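Written below as structure tokens is the structure these notes are about.
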Amino acid sequence: MSIREALQARRTIYGLKKELPVSADAIKQLVTKTTELVPDAFNMRSQRVVLVLGAKQDALWDTIYDAFDGKVAREKIDGFKAGAGTVLYFIDTDVVKSLQDQFPRYAENFPIWAQQANGMLQISIWAGLRELDVGANLQHYNPVIDDAVKKLFDIPNRFQLVAQMPFGGIAKEPEPKEPEDITKRVTIVE
């Protein structure tokens with residue numbers, strides 16, 4: 001599958017199940033290799049990923065629910081918990097700070113570049129999961145859940161949580177996408 005085909009196949013899939021069409025090792029390999037391959041500015045390597053599988057998947061989403069003191073619907077959280085795992089995306093702020101100190105002329109750009117690299121990593125893993133016929137969606141419960149998640153998995157405080165990507169077997173395919181008039185977002189100048 002080409003990159004474009006993987007992006008075209010990639011969809012937000014909420015209907016997840018614990019049973020995967022591939023082994024957990026295939027997921028581990030995808031996440032590890034993709035994290036290695038995705039570039040970032042100045043080769044800073046600020047991206048950090050925590051791959052949550054098995055019983056820890058349930059503990060993660062129960063912890064997220066508890067962090068909101070019931071202010072998020074249990075059914076919504078249980079939909080994410082129903083997946084086989086979650087990819088937690090972080091930025092190591094110590095790495096960013098170190099480069100800011102080394103290159104003060106670019107200091108204000110390093111946090112932006114770290115976010116860009118994190119976005120590239122997210123879409124690359126998401127498209128890779130879809131290539132494996134694994135469904136996923138992207139969530140942003142941070143910063144409310146940050147402390148609880150760090151405590152649950154003993155994650156260093158310098159790691160800034162950016163997003164959560166629950167994934168699993170596809171229990172229900174999403175509805176077809178409505179086509180958009182892309183000329184509203186793309187301008188071509190010749």
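Order determines the names: the first chain of the structure tokens is A, the second B, and so forth; residues in each chain are numbered 1 upward, and ligands are numbered 1 upward as they are shown.
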
Please report, as a tab-separated table, each residue of stretch 38-130 of chain A lying at most 7 Å from stretch 145-168 of chain A, together with the nearest pair of atoms and the separation in Å rounded to one decimal; use only C-alpha atoms, and order rows by chain and ascending residue number.
```
residue	atom	partner	partner_atom	distance
A:Thr63	CA	A:Ala148	CA	6.8
A:Ile64	CA	A:Ile145	CA	5.9
A:Ala67	CA	A:Ile145	CA	5.8
A:Phe80	CA	A:Pro166	CA	5.7
A:Gly83	CA	A:Gly168	CA	4.4
A:Ala84	CA	A:Gly168	CA	4.6
A:Gly85	CA	A:Phe167	CA	5.5
A:Thr86	CA	A:Pro166	CA	4.0
A:Val87	CA	A:Met165	CA	4.9
A:Leu88	CA	A:Gln164	CA	4.7
A:Tyr89	CA	A:Ala163	CA	5.3
A:Phe90	CA	A:Leu161	CA	4.4
A:Ile91	CA	A:Gln160	CA	5.1
A:Asp92	CA	A:Phe159	CA	4.6
A:Thr93	CA	A:Arg158	CA	5.4
A:Asp94	CA	A:Arg158	CA	6.2
```

Sel. of strand (DSSP E or B) residues, stretch 14-177 of chain A, as a PyMOL selection string: chain A and resi 15-17+47-53+85-92+135-136+139+159-172

DSSP on the backbone, then: every residue of stretch 68-164 of chain A marked helix (DSSP H, G or I), written as a ChimeraX atom specification. /A:74-81,93-102,104-131,146-153

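For the residues A:Trp126, A:Val189, A:Glu180, A:Glu36, ranking by smallest atom-to-atom distance to A:Ile13 using only C-alpha atoms places A:Trp126 first.
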
Per residue of stretch 35-145 of chain A within 7 Å of stretch 21-28 of chain A, record the nearest atom pair and its distance in Å to one decimal, counting only C-alpha atoms, with rows in chain order and ascending residue number, as JSON lines.
```
{"residue": "A:Leu132", "atom": "CA", "partner": "A:Val22", "partner_atom": "CA", "distance": 7.0}
{"residue": "A:Asp133", "atom": "CA", "partner": "A:Pro21", "partner_atom": "CA", "distance": 6.7}
{"residue": "A:Val134", "atom": "CA", "partner": "A:Pro21", "partner_atom": "CA", "distance": 6.9}
```

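By only C-alpha atoms, and with residues fewer than 2 positions from A:Ser46 along its chain excluded, the set lying at most 7 Å from it is Met44, Arg48, Ile91, Asp92, Val95, Val96 and Ala114 of chain A.
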
For those residues, write N, CA and C atoms to a file as a tab-separated table (two decimals), in the first residue's frame.
```tsv
chain	number	residue	atom	x	y	z
A	44	MET	N	16.03	16.22	16.58
A	44	MET	CA	15.98	16.33	18.04
A	44	MET	C	15.49	15.07	18.75
A	48	ARG	N	8.18	10.69	22.26
A	48	ARG	CA	8.14	9.54	23.15
A	48	ARG	C	6.78	8.88	22.98
A	91	ILE	N	5.90	14.39	24.23
A	91	ILE	CA	7.11	15.13	23.84
A	91	ILE	C	7.99	15.22	25.08
A	92	ASP	N	9.26	14.89	24.93
A	92	ASP	CA	10.21	15.01	26.03
A	92	ASP	C	10.67	16.48	26.07
A	95	VAL	N	14.44	17.45	26.08
A	95	VAL	CA	15.11	17.45	24.78
A	95	VAL	C	14.87	18.79	24.08
A	96	VAL	N	13.64	19.26	24.12
A	96	VAL	CA	13.29	20.54	23.50
A	96	VAL	C	14.08	21.67	24.17
A	114	ALA	N	8.58	20.37	17.65
A	114	ALA	CA	8.30	19.12	18.37
A	114	ALA	C	6.84	18.71	18.17
```

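Each of A:Ile3, A:Val38, A:Ala9, A:Leu16 was compared to A:Ala117 using only C-alpha atoms, and A:Val38 turns out to be the nearest.
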
Contacts of A:Asp62 at 10 Å or less, counting only C-alpha atoms, minus same-chain residues fewer than 5 places along, as a count of residues only? 7

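The two atoms in question, atom CA of A:Lys76 and atom CA of A:Lys172, are spaced 15.2 Å apart.
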
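Pairwise distance (atom CA of A:Lys97, atom CA of A:Trp113) equals 12.2 Å.
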
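The spacing separating atom CA of A:Asn109 from atom CA of A:Leu121 amounts to 18.3 Å.
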